[in-house]
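For reference, run-v8.csv is printed below; it contains CSV, C-alpha atoms.
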```
chain,number,residue,atom,x,y,z
A,1,MET,CA,-18.0,37.0,-26.7
A,2,PRO,CA,-17.4,37.2,-22.9
A,3,PRO,CA,-17.4,33.9,-21.1
A,4,SER,CA,-20.4,32.6,-19.2
A,5,LEU,CA,-20.3,33.4,-15.5
A,6,THR,CA,-19.5,30.6,-13.1
A,7,LEU,CA,-20.5,30.9,-9.4
A,8,PHE,CA,-16.8,31.4,-8.4
A,9,HIS,CA,-16.3,34.1,-11.0
A,10,SER,CA,-19.6,35.8,-9.9
A,11,LEU,CA,-18.5,35.9,-6.3
A,12,LEU,CA,-15.0,37.1,-7.3
A,13,LEU,CA,-16.3,39.9,-9.4
A,14,PHE,CA,-18.9,41.0,-6.9
A,15,SER,CA,-16.5,41.0,-4.0
A,16,THR,CA,-13.7,42.8,-5.8
A,17,ALA,CA,-16.2,45.4,-7.1
A,18,PHE,CA,-17.4,45.8,-3.5
A,19,ILE,CA,-13.9,46.4,-2.3
A,20,ALA,CA,-13.2,48.7,-5.2
A,21,GLY,CA,-16.3,50.8,-4.4
A,22,GLY,CA,-15.0,51.3,-0.9
A,23,LEU,CA,-11.6,52.2,-2.1
A,24,ASN,CA,-13.0,54.7,-4.6
A,25,ALA,CA,-15.0,56.3,-1.8
A,26,VAL,CA,-12.0,56.7,0.6
A,27,ALA,CA,-8.9,57.0,-1.6
A,28,GLY,CA,-9.6,56.0,-5.2
A,29,GLY,CA,-7.8,53.4,-7.3
A,30,GLY,CA,-10.6,50.8,-7.5
A,31,SER,CA,-9.9,50.1,-11.2
A,32,PHE,CA,-6.5,48.5,-10.3
A,33,ILE,CA,-8.6,45.7,-8.8
A,34,THR,CA,-11.6,45.4,-11.0
A,35,PHE,CA,-10.0,45.7,-14.5
A,36,PRO,CA,-7.5,42.9,-13.9
A,37,THR,CA,-10.2,40.7,-12.2
A,38,LEU,CA,-12.3,40.9,-15.4
A,39,ILE,CA,-9.3,39.8,-17.5
A,40,PHE,CA,-8.5,37.0,-15.0
A,41,THR,CA,-12.1,35.7,-15.3
A,42,GLY,CA,-11.7,35.4,-19.1
A,43,VAL,CA,-13.2,38.7,-20.4
A,44,PRO,CA,-11.2,39.9,-23.4
A,45,PRO,CA,-9.1,43.1,-22.7
A,46,ILE,CA,-11.2,45.6,-24.7
A,47,ALA,CA,-14.5,44.2,-23.4
A,48,ALA,CA,-13.0,44.2,-19.9
A,49,ASN,CA,-12.2,47.9,-20.2
A,50,ALA,CA,-15.7,48.7,-21.5
A,51,THR,CA,-17.3,46.6,-18.8
A,52,ASN,CA,-15.2,48.2,-16.1
A,53,ASN,CA,-16.0,51.7,-17.4
A,54,THR,CA,-19.8,50.9,-17.3
A,55,ALA,CA,-19.8,49.5,-13.8
A,56,ILE,CA,-17.7,52.4,-12.5
A,57,TRP,CA,-20.0,54.9,-14.1
A,58,VAL,CA,-23.1,53.4,-12.5
A,59,ALA,CA,-21.5,53.2,-9.1
A,60,SER,CA,-20.3,56.9,-9.4
A,61,LEU,CA,-23.6,58.4,-10.3
A,62,ALA,CA,-24.6,58.7,-6.6
A,63,SER,CA,-21.4,60.6,-5.9
A,64,ALA,CA,-21.9,63.0,-8.7
A,65,GLY,CA,-25.4,63.7,-7.5
A,66,ALA,CA,-24.2,64.3,-3.9
A,67,TYR,CA,-21.6,66.8,-5.1
A,68,ARG,CA,-24.0,68.9,-7.2
A,69,GLN,CA,-24.4,71.6,-4.6
A,70,ASP,CA,-20.7,72.2,-4.6
A,71,LEU,CA,-20.5,73.1,-8.3
A,72,GLY,CA,-19.8,76.8,-7.8
A,73,ILE,CA,-18.1,78.0,-11.0
A,74,GLU,CA,-19.0,80.2,-14.0
A,75,ARG,CA,-21.8,78.8,-16.1
A,76,ARG,CA,-19.8,79.3,-19.3
A,77,ASP,CA,-16.8,77.4,-18.0
A,78,PHE,CA,-19.1,74.6,-16.7
A,79,LEU,CA,-20.9,74.1,-19.9
A,80,LEU,CA,-17.8,74.3,-22.1
A,81,LEU,CA,-15.8,71.8,-20.0
A,82,CYS,CA,-18.8,69.5,-19.9
A,83,GLY,CA,-19.2,69.6,-23.6
A,84,VAL,CA,-15.5,69.0,-24.2
A,85,SER,CA,-15.6,66.1,-21.7
A,86,LEU,CA,-18.5,64.5,-23.6
A,87,VAL,CA,-16.7,64.9,-27.0
A,88,GLY,CA,-13.4,63.7,-25.7
A,89,GLY,CA,-15.0,60.7,-23.9
A,90,MET,CA,-16.7,59.7,-27.2
A,91,ILE,CA,-13.5,60.0,-29.2
A,92,GLY,CA,-11.5,58.0,-26.7
A,93,SER,CA,-14.1,55.1,-26.6
A,94,ILE,CA,-14.3,55.0,-30.4
A,95,ALA,CA,-10.5,55.0,-30.6
A,96,LEU,CA,-10.5,52.0,-28.2
A,97,LEU,CA,-13.0,50.1,-30.4
A,98,TYR,CA,-10.8,50.7,-33.5
A,99,THR,CA,-7.7,49.5,-31.6
A,100,SER,CA,-6.9,45.9,-32.4
A,101,PRO,CA,-7.1,43.5,-29.4
A,102,ASP,CA,-3.4,42.6,-29.7
A,103,VAL,CA,-2.3,46.2,-29.7
A,104,PHE,CA,-4.5,47.0,-26.7
A,105,LYS,CA,-3.2,44.0,-24.9
A,106,LYS,CA,0.4,45.3,-25.4
A,107,LEU,CA,-0.7,48.7,-24.2
A,108,ILE,CA,-2.2,47.5,-21.0
A,109,PRO,CA,1.0,47.4,-18.8
A,110,TYR,CA,2.0,50.9,-20.0
A,111,LEU,CA,-1.5,52.3,-19.4
A,112,LEU,CA,-1.5,50.7,-15.9
A,113,LEU,CA,2.0,52.1,-15.2
A,114,LEU,CA,0.8,55.6,-16.2
A,115,ALA,CA,-2.2,55.3,-14.0
A,116,THR,CA,-0.1,53.9,-11.1
A,117,VAL,CA,2.3,56.8,-11.3
A,118,VAL,CA,-0.5,59.3,-11.4
A,119,PHE,CA,-2.2,57.7,-8.4
A,120,THR,CA,1.1,57.4,-6.4
A,121,PHE,CA,1.9,61.1,-6.8
A,122,GLY,CA,-1.8,62.2,-6.8
A,123,GLU,CA,-2.1,63.0,-3.1
A,124,PRO,CA,1.2,65.1,-2.9
A,125,PHE,CA,0.0,66.9,-6.1
A,126,LYS,CA,-3.4,67.6,-4.6
A,127,LYS,CA,-1.7,69.1,-1.5
A,128,TRP,CA,0.6,71.2,-3.7
A,129,LEU,CA,-2.5,72.5,-5.5
A,130,GLN,CA,-4.1,73.5,-2.2
A,131,ARG,CA,-1.0,75.4,-1.1
A,132,ARG,CA,-0.7,77.0,-4.5
A,133,ASN,CA,-4.3,78.2,-4.4
A,134,GLN,CA,-4.0,79.5,-0.9
A,135,ASN,CA,-0.7,81.3,-1.3
A,136,THR,CA,-1.0,82.8,-4.8
A,137,SER,CA,-3.7,84.5,-6.8
A,138,PRO,CA,-4.8,82.4,-9.8
A,139,GLU,CA,-3.1,83.1,-13.0
A,140,SER,CA,-5.2,83.9,-16.1
A,141,VAL,CA,-4.9,80.9,-18.3
A,142,PRO,CA,-6.3,81.2,-21.8
A,143,LEU,CA,-9.6,79.3,-22.0
A,144,PHE,CA,-8.4,77.6,-25.2
A,145,ASN,CA,-5.6,76.0,-23.2
A,146,LEU,CA,-8.0,74.7,-20.6
A,147,VAL,CA,-10.3,73.3,-23.2
A,148,LEU,CA,-7.4,71.6,-25.0
A,149,ALA,CA,-6.1,70.0,-21.8
A,150,GLN,CA,-9.5,68.8,-20.8
A,151,LEU,CA,-10.1,67.3,-24.2
A,152,ALA,CA,-6.9,65.3,-24.0
A,153,ILE,CA,-7.8,64.1,-20.6
A,154,ALA,CA,-11.3,63.2,-21.7
A,155,ILE,CA,-9.9,61.2,-24.7
A,156,TYR,CA,-7.7,59.3,-22.3
A,157,GLY,CA,-10.6,58.7,-20.0
A,158,GLY,CA,-12.8,57.3,-22.8
A,159,PHE,CA,-9.9,55.1,-23.9
A,160,PHE,CA,-8.8,53.7,-20.5
A,161,GLY,CA,-9.6,56.0,-17.6
A,162,ALA,CA,-7.6,54.8,-14.6
A,163,GLY,CA,-6.1,57.9,-12.8
A,164,LEU,CA,-8.6,60.2,-14.6
A,165,GLY,CA,-9.5,62.2,-11.5
A,166,ILE,CA,-6.0,63.3,-10.6
A,167,LEU,CA,-5.3,64.4,-14.2
A,168,MET,CA,-8.5,66.6,-14.1
A,169,LEU,CA,-7.4,68.3,-10.9
A,170,ALA,CA,-4.5,69.7,-12.8
A,171,THR,CA,-6.8,71.4,-15.3
A,172,LEU,CA,-9.4,72.6,-12.7
A,173,THR,CA,-6.8,74.4,-10.6
A,174,PHE,CA,-6.3,76.9,-13.4
A,175,LEU,CA,-9.9,77.9,-13.2
A,176,GLY,CA,-9.1,79.6,-9.9
A,177,ILE,CA,-11.1,77.3,-7.7
A,178,LYS,CA,-9.7,77.6,-4.2
A,179,SER,CA,-11.9,75.1,-2.5
A,180,ILE,CA,-10.7,71.5,-2.8
A,181,HIS,CA,-14.3,70.4,-2.3
A,182,LYS,CA,-15.4,72.3,-5.3
A,183,MET,CA,-12.5,70.9,-7.3
A,184,ASN,CA,-13.5,67.4,-6.3
A,185,ALA,CA,-17.2,68.1,-7.1
A,186,PHE,CA,-16.4,69.3,-10.6
A,187,LYS,CA,-13.9,66.5,-11.1
A,188,THR,CA,-16.5,63.9,-10.1
A,189,PHE,CA,-19.1,65.5,-12.4
A,190,LEU,CA,-16.8,65.7,-15.4
A,191,GLY,CA,-15.7,62.1,-14.8
A,192,SER,CA,-19.3,61.0,-14.9
A,193,CYS,CA,-19.7,62.8,-18.2
A,194,ILE,CA,-16.7,61.1,-19.7
A,195,ASN,CA,-17.4,57.6,-18.5
A,196,GLY,CA,-21.1,58.0,-19.3
A,197,ILE,CA,-20.7,59.1,-22.9
A,198,ALA,CA,-18.1,56.4,-23.5
A,199,ILE,CA,-20.7,53.7,-22.9
A,200,VAL,CA,-22.7,54.8,-26.0
A,201,PRO,CA,-20.1,53.5,-28.6
A,202,PHE,CA,-19.5,50.4,-26.4
A,203,LEU,CA,-23.3,49.7,-26.5
A,204,PHE,CA,-23.5,49.9,-30.2
A,205,ALA,CA,-20.4,47.8,-30.6
A,206,GLY,CA,-21.8,45.2,-28.2
A,207,VAL,CA,-18.6,44.8,-26.2
A,208,ILE,CA,-20.0,45.3,-22.7
A,209,ALA,CA,-20.2,42.0,-20.7
A,210,TRP,CA,-23.6,42.9,-19.1
A,211,HIS,CA,-23.8,40.1,-16.5
A,212,GLN,CA,-20.4,41.1,-15.2
A,213,ALA,CA,-21.1,44.8,-15.5
A,214,ILE,CA,-24.4,44.5,-13.5
A,215,LEU,CA,-22.8,42.4,-10.8
A,216,MET,CA,-19.9,44.9,-10.4
A,217,ALA,CA,-22.1,47.9,-10.5
A,218,VAL,CA,-24.2,46.5,-7.6
A,219,GLY,CA,-21.1,45.5,-5.7
A,220,GLY,CA,-19.3,48.8,-6.3
A,221,SER,CA,-22.4,50.8,-5.3
A,222,LEU,CA,-22.8,48.8,-2.1
A,223,GLY,CA,-19.1,49.1,-1.3
A,224,GLY,CA,-19.1,52.9,-1.8
A,225,TYR,CA,-22.3,53.4,0.2
A,226,LEU,CA,-21.3,51.3,3.2
A,227,SER,CA,-17.8,52.7,3.3
A,228,ALA,CA,-19.2,56.2,3.7
A,229,HIS,CA,-20.3,55.1,7.2
A,230,TYR,CA,-16.8,53.9,8.1
A,231,ALA,CA,-14.7,56.4,6.2
A,232,LEU,CA,-13.9,58.5,9.2
A,233,LYS,CA,-12.6,55.5,11.1
A,234,LEU,CA,-10.3,54.4,8.3
A,235,GLU,CA,-6.8,55.9,7.7
A,236,PRO,CA,-6.8,57.1,4.1
A,237,HIS,CA,-3.0,57.0,3.8
A,238,LEU,CA,-3.0,53.3,4.8
A,239,ILE,CA,-5.7,52.7,2.2
A,240,ARG,CA,-3.6,54.5,-0.4
A,241,LYS,CA,-0.5,52.5,0.4
A,242,PHE,CA,-2.6,49.3,0.0
A,243,VAL,CA,-3.8,50.5,-3.4
A,244,MET,CA,-0.3,51.4,-4.5
A,245,ILE,CA,1.0,47.9,-3.6
A,246,VAL,CA,-1.9,46.4,-5.6
A,247,ALA,CA,-1.3,48.8,-8.5
A,248,PHE,CA,2.4,48.2,-8.8
A,249,SER,CA,1.8,44.4,-8.4
A,250,MET,CA,-0.8,44.4,-11.2
A,251,THR,CA,1.5,46.6,-13.4
A,252,ALA,CA,4.4,44.2,-12.9
A,253,TYR,CA,2.2,41.2,-13.6
A,254,PHE,CA,1.0,42.6,-16.9
A,255,PHE,CA,4.6,43.5,-17.9
A,256,ILE,CA,5.8,40.0,-17.2
A,257,HIS,CA,2.7,38.0,-18.5
A,258,GLY,CA,1.1,40.5,-20.9
```

Can you turn what I pasted into structure tokens?
Amino acid sequence: MPPSLTLFHSLLLFSTAFIAGGLNAVAGGGSFITFPTLIFTGVPPIAANATNNTAIWVASLASAGAYRQDLGIERRDFLLLCGVSLVGGMIGSIALLYTSPDVFKKLIPYLLLLATVVFTFGEPFKKWLQRRNQNTSPESVPLFNLVLAQLAIAIYGGFFGAGLGILMLATLTFLGIKSIHKMNAFKTFLGSCINGIAIVPFLFAGVIAWHQAILMAVGGSLGGYLSAHYALKLEPHLIRKFVMIVAFSMTAYFFIHG
């Protein structure tokens, strides 16, 4: 059972979720703050992951809705990848529930390290994708390979999820989408599918700390909404550097104290 919320923990969770919502809107990486905060406030690791996933999903719904007009790809590819994302997200979340708390606790530093590396090299990778799409004609990749890659990514997303967006960009580039806006739109929509379906097993298992999830969903939504007004005034590369420092610090902390 998750611990009861104290006033200090409530303020801490709300404020970190608010900051994370702003980070996600500008540069991404909000989970590097919210997930450890849940653990620091006494929520067990698996419940913390499920709660964090739920709060992020609620906060990201508005983004997915705003991107809907940019989804300009083949209907067959869209439906297939959505279906695969739903199946993979479900498998990943069920796998998490069948993972013993001790094993998951030992996996946390490695999962954070993977997400940190993905985030660190995500921006250079995105720029490489843009150059690749501008300078070369898209190769014909077998649909089966795309589906398999998205399934693996969705399973990871249902199980843990940090760094999910960058991993999906690697799959989407092979669809031949030249516009980075369309890639981001599809990535956001698929991410909502994965995080949304993952909540279903968490609901039935009763592992979501609802008071914490609601607080963080409100804080994250407000942070994301308000940051939209100031995004142009902020330097994304400075925000990314801040997130990287936090991410490496959190990863090191869990390796030492995990």

#### Entry: Nearest residue to Leu97 of chain A from the set A:Pro201, A:Gly30, A:Gly122, A:Gly21 (distances using all atoms listed in the file)
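Closest to Leu97 of chain A, using all atoms listed in the file: A:Pro201.
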
With all atoms listed in the file as the counted atoms, please give the residues lying no more than 6 Å from segment 186-199 of chain A, apart from itself and same-chain residues fewer than 4 positions off, as a compact mmCIF listing (two decimals) with C-alpha atoms, in the coordinates of the input.
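What follows is the written file out12.txt:
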```txt
# COMPACT_ATOMS: atom_id res chain seq x y z
CA TRP A 57 -20.00 54.90 -14.10
CA ALA A 64 -21.90 63.00 -8.70
CA SER A 85 -15.60 66.10 -21.70
CA LEU A 86 -18.50 64.50 -23.60
CA GLY A 89 -15.00 60.70 -23.90
CA MET A 90 -16.70 59.70 -27.20
CA SER A 93 -14.10 55.10 -26.60
CA GLY A 158 -12.80 57.30 -22.80
CA LEU A 203 -23.30 49.70 -26.50
```

Atom CA of Leu114 of chain A and atom CA of Ile153 of chain A, how far apart in Å?
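Value for the atom CA of Ile153 of chain A-atom CA of Leu114 of chain A distance: 12.9 Å.
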
Counting only C-alpha atoms, closest pick from A:His257, A:Arg76, A:Lys241, A:Arg131 relative to Lys106 of chain A is A:His257

Problem - Among the residues A:Val118, A:Leu38, A:Ile155, A:Val58, the one that comes closest to Leu96 of chain A [using only C-alpha atoms] - result: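 Closest to Leu96 of chain A, using only C-alpha atoms: A:Ile155.
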
In terms of the shortest atom-to-atom distance over all atoms listed in the file, which of A:Thr54, A:Ser4, A:Leu143, A:Ile108 is closest to Asp77 of chain A?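 Result for the nearest residue to Asp77 of chain A: A:Leu143.
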
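Counting from atom CA of Ile56 of chain A, the distance to atom CA of Ile33 of chain A is 11.9 Å.
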
field: Pairwise distance for atom CA of Gly223 of chain A and atom CA of Ser60 of chain A, rounded to one decimal in Å
entry: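 Result for atom CA of Gly223 of chain A versus atom CA of Ser60 of chain A: 11.3 Å, one decimal.
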
Nearby residues, (-20.1, 44.2, -3.4) file frame, 10 Å, only C-alpha atoms, as a PDB file with C-alpha atoms, in the frame of the given file:
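For reference, point.pdb as written:
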```
ATOM      1  CA  LEU A  11     -18.500  35.900  -6.300  1.00  0.00           C
ATOM      2  CA  LEU A  12     -15.000  37.100  -7.300  1.00  0.00           C
ATOM      3  CA  LEU A  13     -16.300  39.900  -9.400  1.00  0.00           C
ATOM      4  CA  PHE A  14     -18.900  41.000  -6.900  1.00  0.00           C
ATOM      5  CA  SER A  15     -16.500  41.000  -4.000  1.00  0.00           C
ATOM      6  CA  THR A  16     -13.700  42.800  -5.800  1.00  0.00           C
ATOM      7  CA  ALA A  17     -16.200  45.400  -7.100  1.00  0.00           C
ATOM      8  CA  PHE A  18     -17.400  45.800  -3.500  1.00  0.00           C
ATOM      9  CA  ILE A  19     -13.900  46.400  -2.300  1.00  0.00           C
ATOM     10  CA  ALA A  20     -13.200  48.700  -5.200  1.00  0.00           C
ATOM     11  CA  GLY A  21     -16.300  50.800  -4.400  1.00  0.00           C
ATOM     12  CA  GLY A  22     -15.000  51.300  -0.900  1.00  0.00           C
ATOM     13  CA  LEU A 215     -22.800  42.400 -10.800  1.00  0.00           C
ATOM     14  CA  MET A 216     -19.900  44.900 -10.400  1.00  0.00           C
ATOM     15  CA  ALA A 217     -22.100  47.900 -10.500  1.00  0.00           C
ATOM     16  CA  VAL A 218     -24.200  46.500  -7.600  1.00  0.00           C
ATOM     17  CA  GLY A 219     -21.100  45.500  -5.700  1.00  0.00           C
ATOM     18  CA  GLY A 220     -19.300  48.800  -6.300  1.00  0.00           C
ATOM     19  CA  SER A 221     -22.400  50.800  -5.300  1.00  0.00           C
ATOM     20  CA  LEU A 222     -22.800  48.800  -2.100  1.00  0.00           C
ATOM     21  CA  GLY A 223     -19.100  49.100  -1.300  1.00  0.00           C
ATOM     22  CA  GLY A 224     -19.100  52.900  -1.800  1.00  0.00           C
ATOM     23  CA  LEU A 226     -21.300  51.300   3.200  1.00  0.00           C
TER      24      LEU A 226
END
```

inquiry  = Could you check the closest approach to Ala154 of chain A for each of A:Ala47, A:Gly83, A:Ala247, A:Ala25 and tell me which residue wins, using all atoms listed in the file?
reply    =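 Smallest separation from Ala154 of chain A among the options: A:Gly83.
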
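Using only C-alpha atoms, the shortest contact distance between Ile166 of chain A and any of A:Gly29, A:Leu112, A:Ala252, A:Ile214 is found at A:Gly29.
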
Give me the residues near Phe254 of chain A as a count of residues only, where near means some atom within 10 Å (using only C-alpha atoms) and where sequence neighbours in that chain fewer than 4 positions away do not count. 13

Would you list the contacts of Pro101 of chain A as a PDB file with C-alpha atoms, in the coordinates of the input, taking every protein, DNA or RNA residue within 8 Å and counting all atoms listed in the file, but skipping same-chain residues closer than 2 positions in sequence?
```
ATOM      1  CA  PRO A  45      -9.100  43.100 -22.700  1.00  0.00           C
ATOM      2  CA  ILE A  46     -11.200  45.600 -24.700  1.00  0.00           C
ATOM      3  CA  THR A  99      -7.700  49.500 -31.600  1.00  0.00           C
ATOM      4  CA  VAL A 103      -2.300  46.200 -29.700  1.00  0.00           C
ATOM      5  CA  PHE A 104      -4.500  47.000 -26.700  1.00  0.00           C
ATOM      6  CA  LYS A 105      -3.200  44.000 -24.900  1.00  0.00           C
TER       7      LYS A 105
END
```
